[in-house]
Structure formats: structure tokens, C-alpha cells
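What follows is the content of my_file.cif, which has mmCIF, C-alpha atoms:
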```
data_upload
#
loop_
_atom_site.label_atom_id
_atom_site.label_comp_id
_atom_site.auth_asym_id
_atom_site.auth_seq_id
_atom_site.Cartn_x
_atom_site.Cartn_y
_atom_site.Cartn_z
CA MET U 1 0.00 0.00 0.00
CA PRO U 2 1.55 3.34 -1.03
CA ASN U 3 2.69 5.73 1.69
CA SER U 4 0.14 8.58 1.90
CA LYS U 5 2.34 10.80 4.06
CA ILE U 6 3.51 14.10 2.57
CA PRO U 7 7.23 13.82 1.73
CA PRO U 8 9.49 16.04 3.86
CA PHE U 9 10.65 18.10 0.86
CA ARG U 10 7.02 18.92 -0.06
CA LYS U 11 6.31 20.02 3.51
CA SER U 12 9.33 22.31 3.28
CA VAL U 13 8.06 23.82 0.01
CA VAL U 14 4.58 24.42 1.47
CA PHE U 15 6.10 26.02 4.60
CA LEU U 16 8.37 28.21 2.44
CA LEU U 17 5.47 29.40 0.27
CA TYR U 18 3.41 30.07 3.40
CA ASN U 19 6.17 32.30 4.81
CA ILE U 20 6.75 34.08 1.51
CA HIS U 21 3.09 35.01 1.11
CA MET U 22 2.37 35.69 4.79
CA PRO U 23 2.89 39.50 4.52
CA ASP U 24 0.37 39.56 1.62
CA TYR U 25 -2.22 37.60 3.59
CA LYS U 26 -1.78 39.81 6.64
CA LYS U 27 -2.08 42.91 4.45
CA ILE U 28 -5.45 41.66 3.15
CA PHE U 29 -6.67 41.56 6.75
CA SER U 30 -5.06 44.92 7.61
CA ASN U 31 -6.82 46.54 4.65
CA ASN U 32 -10.12 45.34 6.14
CA ASN U 33 -9.62 46.66 9.67
CA GLY U 34 -7.97 43.42 10.79
CA ILE U 35 -11.15 41.31 10.74
CA LEU U 36 -12.81 39.28 7.98
CA ARG U 37 -15.38 36.65 7.34
CA ALA U 38 -13.67 33.45 6.10
CA SER U 39 -15.55 33.50 2.78
CA LYS U 40 -14.49 37.12 2.18
CA ALA U 41 -10.85 36.38 3.04
CA ILE U 42 -10.86 33.47 0.57
CA GLU U 43 -12.46 35.69 -2.07
CA LEU U 44 -9.69 38.27 -1.52
CA GLY U 45 -6.97 35.66 -2.04
CA VAL U 46 -6.25 33.94 1.28
CA PRO U 47 -6.41 30.14 0.73
CA LYS U 48 -8.74 28.29 3.10
CA HIS U 49 -5.98 26.06 4.47
CA THR U 50 -3.88 29.16 5.12
CA LEU U 51 -6.54 30.56 7.45
CA TYR U 52 -6.25 27.44 9.61
CA GLU U 53 -2.46 27.62 9.48
CA MET U 54 -2.48 31.29 10.48
CA VAL U 55 -4.60 30.39 13.52
CA LYS U 56 -2.14 27.62 14.44
CA THR U 57 0.84 29.97 14.18
CA GLY U 58 -0.92 32.72 16.14
CA GLU U 59 -1.20 35.18 13.25
CA LEU U 60 -5.01 35.02 13.39
CA VAL U 61 -7.57 34.68 16.16
CA ARG U 62 -10.87 32.91 15.49
CA GLU U 63 -13.35 35.47 16.82
CA ALA U 64 -16.44 33.38 16.10
CA GLN U 65 -17.57 30.74 13.66
CA GLY U 66 -16.29 31.86 10.27
CA ILE U 67 -14.81 35.15 11.59
CA TYR U 68 -11.05 35.72 11.82
CA ARG U 69 -9.07 38.65 13.24
CA LEU U 70 -5.39 39.56 13.06
CA SER U 71 -3.93 38.75 16.47
CA GLU U 72 -1.98 42.01 16.46
CA SER U 73 -5.15 44.09 16.06
CA ASP U 74 -7.31 45.21 18.97
CA PRO U 75 -10.27 42.98 19.89
CA PRO U 76 -13.64 44.48 18.86
CA GLY U 77 -15.20 46.79 21.44
CA ASN U 78 -18.63 45.60 20.26
CA PRO U 79 -17.91 41.94 19.42
CA ASP U 80 -21.51 40.72 19.21
CA LEU U 81 -22.67 43.47 16.85
CA VAL U 82 -19.52 43.23 14.74
CA ASN U 83 -19.56 39.44 14.43
CA ILE U 84 -23.28 39.29 13.61
CA SER U 85 -22.87 42.04 10.99
CA LEU U 86 -20.07 40.10 9.32
CA ARG U 87 -21.96 36.81 9.40
CA VAL U 88 -25.42 38.19 8.53
CA PRO U 89 -24.93 41.20 6.21
CA ARG U 90 -28.68 42.04 6.09
CA ALA U 91 -29.09 42.10 9.86
CA VAL U 92 -30.36 45.39 11.32
CA PHE U 93 -30.06 45.64 15.09
CA CYS U 94 -33.37 46.45 16.71
CA LEU U 95 -35.43 46.48 19.90
CA ILE U 96 -33.37 45.84 23.08
CA SER U 97 -30.03 45.83 21.24
CA ALA U 98 -30.83 49.13 19.53
CA LEU U 99 -32.21 50.65 22.74
CA TYR U 100 -28.99 49.74 24.53
CA PHE U 101 -26.90 51.28 21.73
CA HIS U 102 -28.93 54.51 21.88
CA GLU U 103 -28.84 54.58 25.71
CA LEU U 104 -32.63 54.37 25.94
CA THR U 105 -32.88 51.48 28.38
CA THR U 106 -31.55 50.17 31.65
CA GLN U 107 -31.98 46.64 30.29
CA ILE U 108 -28.81 44.70 29.52
CA PRO U 109 -29.39 42.59 26.39
CA HIS U 110 -28.93 38.87 27.09
CA SER U 111 -29.45 38.14 23.40
CA VAL U 112 -28.64 40.05 20.23
CA TYR U 113 -31.85 41.39 18.68
CA PHE U 114 -31.87 41.96 14.94
CA ALA U 115 -34.32 42.25 12.08
CA LEU U 116 -34.25 40.53 8.70
CA PRO U 117 -36.52 40.80 5.66
CA ARG U 118 -39.36 38.28 5.66
CA ASP U 119 -37.86 36.28 2.80
CA VAL U 120 -34.52 35.74 4.58
CA LYS U 121 -34.18 32.62 6.70
CA THR U 122 -33.11 32.83 10.34
CA PRO U 123 -29.39 31.98 10.46
CA LYS U 124 -28.11 29.13 12.62
CA ILE U 125 -25.98 30.91 15.21
CA HIS U 126 -25.26 29.32 18.58
CA HIS U 127 -23.16 32.13 20.03
CA PRO U 128 -23.99 34.84 20.84
CA PRO U 129 -27.65 34.06 21.62
CA ILE U 130 -29.88 35.76 19.07
CA ARG U 131 -33.51 36.84 18.72
CA VAL U 132 -34.53 37.41 15.13
CA PHE U 133 -37.57 39.39 13.98
CA HIS U 134 -38.75 39.31 10.37
CA PHE U 135 -40.00 42.65 9.08
CA SER U 136 -41.72 43.22 5.74
CA GLY U 137 -41.22 45.97 3.19
CA GLU U 138 -41.10 49.48 4.61
CA ALA U 139 -41.05 48.22 8.20
CA TYR U 140 -37.64 46.68 7.46
CA GLN U 141 -36.20 49.48 5.31
CA ALA U 142 -37.32 52.52 7.32
CA GLY U 143 -34.93 54.02 9.84
CA ILE U 144 -31.77 52.05 9.02
CA VAL U 145 -28.60 53.94 9.95
CA GLU U 146 -25.16 52.56 9.17
CA HIS U 147 -22.52 52.98 11.88
CA THR U 148 -18.87 51.98 11.80
CA LEU U 149 -17.92 49.97 14.87
CA ASP U 150 -14.39 48.62 15.15
CA GLY U 151 -13.95 49.32 11.44
CA VAL U 152 -16.99 47.22 10.46
CA LYS U 153 -20.20 48.64 8.98
CA VAL U 154 -23.08 47.86 11.33
CA LYS U 155 -26.75 48.64 10.61
CA ILE U 156 -28.90 49.83 13.54
CA TYR U 157 -32.37 51.36 13.51
CA ASP U 158 -32.43 55.00 14.57
CA ARG U 159 -33.91 56.07 17.92
CA GLU U 160 -37.37 56.87 16.59
CA LYS U 161 -37.76 53.63 14.62
CA THR U 162 -36.49 51.62 17.58
CA ILE U 163 -39.15 53.11 19.86
CA ALA U 164 -41.89 52.50 17.30
CA ASP U 165 -40.70 48.88 17.01
CA CYS U 166 -40.78 48.46 20.79
CA PHE U 167 -44.43 49.54 20.86
CA LYS U 168 -45.22 47.21 17.97
CA PHE U 169 -43.54 44.29 19.77
CA ARG U 170 -44.52 45.39 23.27
CA GLU U 171 -45.75 41.89 24.10
CA LYS U 172 -42.29 40.55 23.23
CA VAL U 173 -40.12 43.15 24.96
CA GLY U 174 -42.53 44.40 27.63
CA MET U 175 -44.65 47.56 27.77
CA ASP U 176 -42.44 48.81 30.62
CA VAL U 177 -39.42 48.72 28.30
CA ALA U 178 -41.28 50.67 25.59
CA LEU U 179 -42.45 53.31 28.09
CA GLU U 180 -38.99 53.70 29.63
CA ALA U 181 -37.57 54.18 26.13
CA ILE U 182 -40.02 56.88 25.07
CA LYS U 183 -39.58 58.75 28.37
CA ASP U 184 -35.79 58.69 28.04
CA TYR U 185 -36.02 59.66 24.37
CA LEU U 186 -38.13 62.73 25.07
CA ARG U 187 -35.52 63.88 27.61
CA GLN U 188 -32.74 63.67 25.04
CA PRO U 189 -31.71 66.60 22.83
CA LYS U 190 -32.79 66.76 19.18
CA VAL U 191 -36.09 64.96 19.54
CA ASN U 192 -37.99 64.38 16.29
CA VAL U 193 -41.61 63.61 17.21
CA SER U 194 -42.85 63.85 13.60
CA LEU U 195 -40.36 61.17 12.56
CA LEU U 196 -41.38 59.01 15.51
CA MET U 197 -45.04 59.27 14.48
CA LYS U 198 -44.15 58.49 10.86
CA TYR U 199 -42.60 55.20 11.98
CA ALA U 200 -45.57 54.60 14.30
CA ARG U 201 -47.86 54.81 11.26
CA ILE U 202 -45.66 52.38 9.32
CA ASN U 203 -45.86 49.97 12.28
CA ARG U 204 -49.60 50.66 12.77
CA VAL U 205 -49.14 51.73 16.39
CA GLU U 206 -49.82 55.47 16.03
CA LYS U 207 -52.93 55.28 18.23
CA VAL U 208 -50.94 53.42 20.89
CA ILE U 209 -48.00 55.84 20.98
CA ARG U 210 -49.74 59.20 20.55
CA PRO U 211 -51.34 59.42 24.07
CA TYR U 212 -47.96 58.83 25.70
CA VAL U 213 -46.22 61.41 23.51
CA GLU U 214 -48.92 64.02 24.28
CA ALA U 215 -48.79 63.28 28.00
CA LEU U 216 -44.99 63.46 28.20
CA LEU U 217 -44.35 66.55 26.05
#
```
Take the structure in this file and express it as C-alpha cells.
Amino acid sequence: MPNSKIPPFRKSVVFLLYNIHMPDYKKIFSNNNGILRASKAIELGVPKHTLYEMVKTGELVREAQGIYRLSESDPPGNPDLVNISLRVPRAVFCLISALYFHELTTQIPHSVYFALPRDVKTPKIHHPPIRVFHFSGEAYQAGIVEHTLDGVKVKIYDREKTIADCFKFREKVGMDVALEAIKDYLRQPKVNVSLLMKYARINRVEKVIRPYVEALL
């Protein structure tokens, strides 16, 4: 039976090529803020087996399933939002996660809340824990704002859309959470009540929100 082991000279050639191209592979990551989805790294020219080798040699850190970061770069300050954004490009952070980002809640999210269009399947993600909400049409598109966190583009609903969503899903997040959010929002500078009511109409909760807005203004 033929010996299936890789001959020593071939191992040496592979190791030599790996070292020669290492600066190029690291530059690909550096040009993308030090963090990439595996599929994107492969698309940009990093061979799949090289990703595994770079983890073994300590050049890369496996941040999450399918997400790799240069070990010399700083860990993400918002790892859950960054990793989900890289793994689920159409995710828009909403409800408790968006409230927390906008400092409109005292709740600490124990799951990552994000919205997807109705025709997009819920991804299989074991960590971090996720809660996915499927929005249709304008309810998904309205109020998306793109932020850059740790060099990664992250989509989060704006303050007004987030509050309107909390009233729409008040049975899921709790009416107390929605009320706390609208009270805190109206205390913040640059309040846009007309925009809030526009989103309330999109979500069909205008009659629910209006009495609270009138009472608190």
C-alpha cells in the first residue's frame, strides 16, 4: 500500500510558500480593519488552508464561527454586533439591542436582537444568543442607519424607529421597556416627534404611541 504521508521536501516547500506570502495575507486583513469573514478572506486571495495555518501559528484569532481577526489588532469593542454584521450582512439591530446602543434602556441585552426581511431565513448561530424578527417591506427598510464599529459597517435602527418597534412588539419586549424608552427619548436633545409618528404609522401603532407622547411633552 503506497505511503500517503507528505514527503518532507514537499512540507518544506509548502512552509516556504506560506512564509513568503504571509505578509500579503496579513495585508489583506489589515486593509479590512484586521477582521474578515472566512468567505471574504478566501475571495480576496487567502487560501482556506492558510486561514487554519495562520490560527495555528498565532497570526489570526478565530473570533467566532467563520470570523477571523489579526492577532496584532485590537479585539472588537462591540464583538456581538460586529460578528453578527459580518456573518449576517442584512441584519439590522433592533429592539433591546438598539435601545442599549442609543442609551434608551436600563436593560442589559442577554441576546442580540436583529431584524431581517421576511424572505430571509433565520441563520443558525449558537453564540452569541440571538432573537430574530422578520419585518416586511417598509417596516424593514425605514430608519436604518449605518454605523462603523471597530472598522466594520453595522446597521442599527435610529432612535425613533427603535421606539416604534418596541411599541409594535410590546408583548415581546414588555410595555415597561417601551415606556422607559419613550420617556428617556423625550428627555434627550434633538427629539424628532414627527419622525417618531411616521414610523408609528408604518408599524400601525400610532394610536398606541400618541397618548404617551402628548402626555410626556
#### Entry: atom CA of Val145 of chain U to atom CA of Lys172 of chain U, straight-line distance in Å
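Answer for the atom CA of Lys172 of chain U to atom CA of Val145 of chain U separation: 23.3 Å.
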I'd like the residues picked by the PyMOL selection byres ((chain U and resi 102) around 12) written out as a PDB file with C-alpha atoms, keeping the file's coordinate frame, using the chain letters and numbers from the file.
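Generated output (result19.pdb):
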```pdb
ATOM      1  CA  PHE U  93     -30.060  45.640  15.090  1.00  0.00           C
ATOM      2  CA  CYS U  94     -33.370  46.450  16.710  1.00  0.00           C
ATOM      3  CA  LEU U  95     -35.430  46.480  19.900  1.00  0.00           C
ATOM      4  CA  ILE U  96     -33.370  45.840  23.080  1.00  0.00           C
ATOM      5  CA  SER U  97     -30.030  45.830  21.240  1.00  0.00           C
ATOM      6  CA  ALA U  98     -30.830  49.130  19.530  1.00  0.00           C
ATOM      7  CA  LEU U  99     -32.210  50.650  22.740  1.00  0.00           C
ATOM      8  CA  TYR U 100     -28.990  49.740  24.530  1.00  0.00           C
ATOM      9  CA  PHE U 101     -26.900  51.280  21.730  1.00  0.00           C
ATOM     10  CA  GLU U 103     -28.840  54.580  25.710  1.00  0.00           C
ATOM     11  CA  LEU U 104     -32.630  54.370  25.940  1.00  0.00           C
ATOM     12  CA  THR U 105     -32.880  51.480  28.380  1.00  0.00           C
ATOM     13  CA  THR U 106     -31.550  50.170  31.650  1.00  0.00           C
ATOM     14  CA  GLN U 107     -31.980  46.640  30.290  1.00  0.00           C
ATOM     15  CA  VAL U 145     -28.600  53.940   9.950  1.00  0.00           C
ATOM     16  CA  HIS U 147     -22.520  52.980  11.880  1.00  0.00           C
ATOM     17  CA  ILE U 156     -28.900  49.830  13.540  1.00  0.00           C
ATOM     18  CA  TYR U 157     -32.370  51.360  13.510  1.00  0.00           C
ATOM     19  CA  ASP U 158     -32.430  55.000  14.570  1.00  0.00           C
ATOM     20  CA  ARG U 159     -33.910  56.070  17.920  1.00  0.00           C
ATOM     21  CA  GLU U 160     -37.370  56.870  16.590  1.00  0.00           C
ATOM     22  CA  LYS U 161     -37.760  53.630  14.620  1.00  0.00           C
ATOM     23  CA  THR U 162     -36.490  51.620  17.580  1.00  0.00           C
ATOM     24  CA  ILE U 163     -39.150  53.110  19.860  1.00  0.00           C
ATOM     25  CA  ALA U 181     -37.570  54.180  26.130  1.00  0.00           C
ATOM     26  CA  ILE U 182     -40.020  56.880  25.070  1.00  0.00           C
ATOM     27  CA  ASP U 184     -35.790  58.690  28.040  1.00  0.00           C
ATOM     28  CA  TYR U 185     -36.020  59.660  24.370  1.00  0.00           C
ATOM     29  CA  GLN U 188     -32.740  63.670  25.040  1.00  0.00           C
TER      30      GLN U 188
END
```
Give the centre and edge lengths of an axis-aligned box, in Å to one decimal, that holds all listed atoms of segment 49-52 of chain U with 5 Å on each side, as lines of an AutoDock Vina configuration file.
```
center_x = -5.2
center_y = 28.3
center_z = 7.0
size_x = 12.7
size_y = 14.5
size_z = 15.1
```
### Task
Can you give me, as a ChimeraX atom specification, the residues this file yields under the PyMOL selection byres ((chain U and resi 206) around 12)?
/U:163-165,167-168,193-205,207-214
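Among the candidates U:Pro123, U:Tyr25, U:Pro76, U:His134, the one nearest to Leu51 of chain U when counting all atoms listed in the file is U:Tyr25.
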### Query
Mind pulling up the distance from atom CA of Tyr68 of chain U to atom CA of His49 of chain U?
13.2 Å
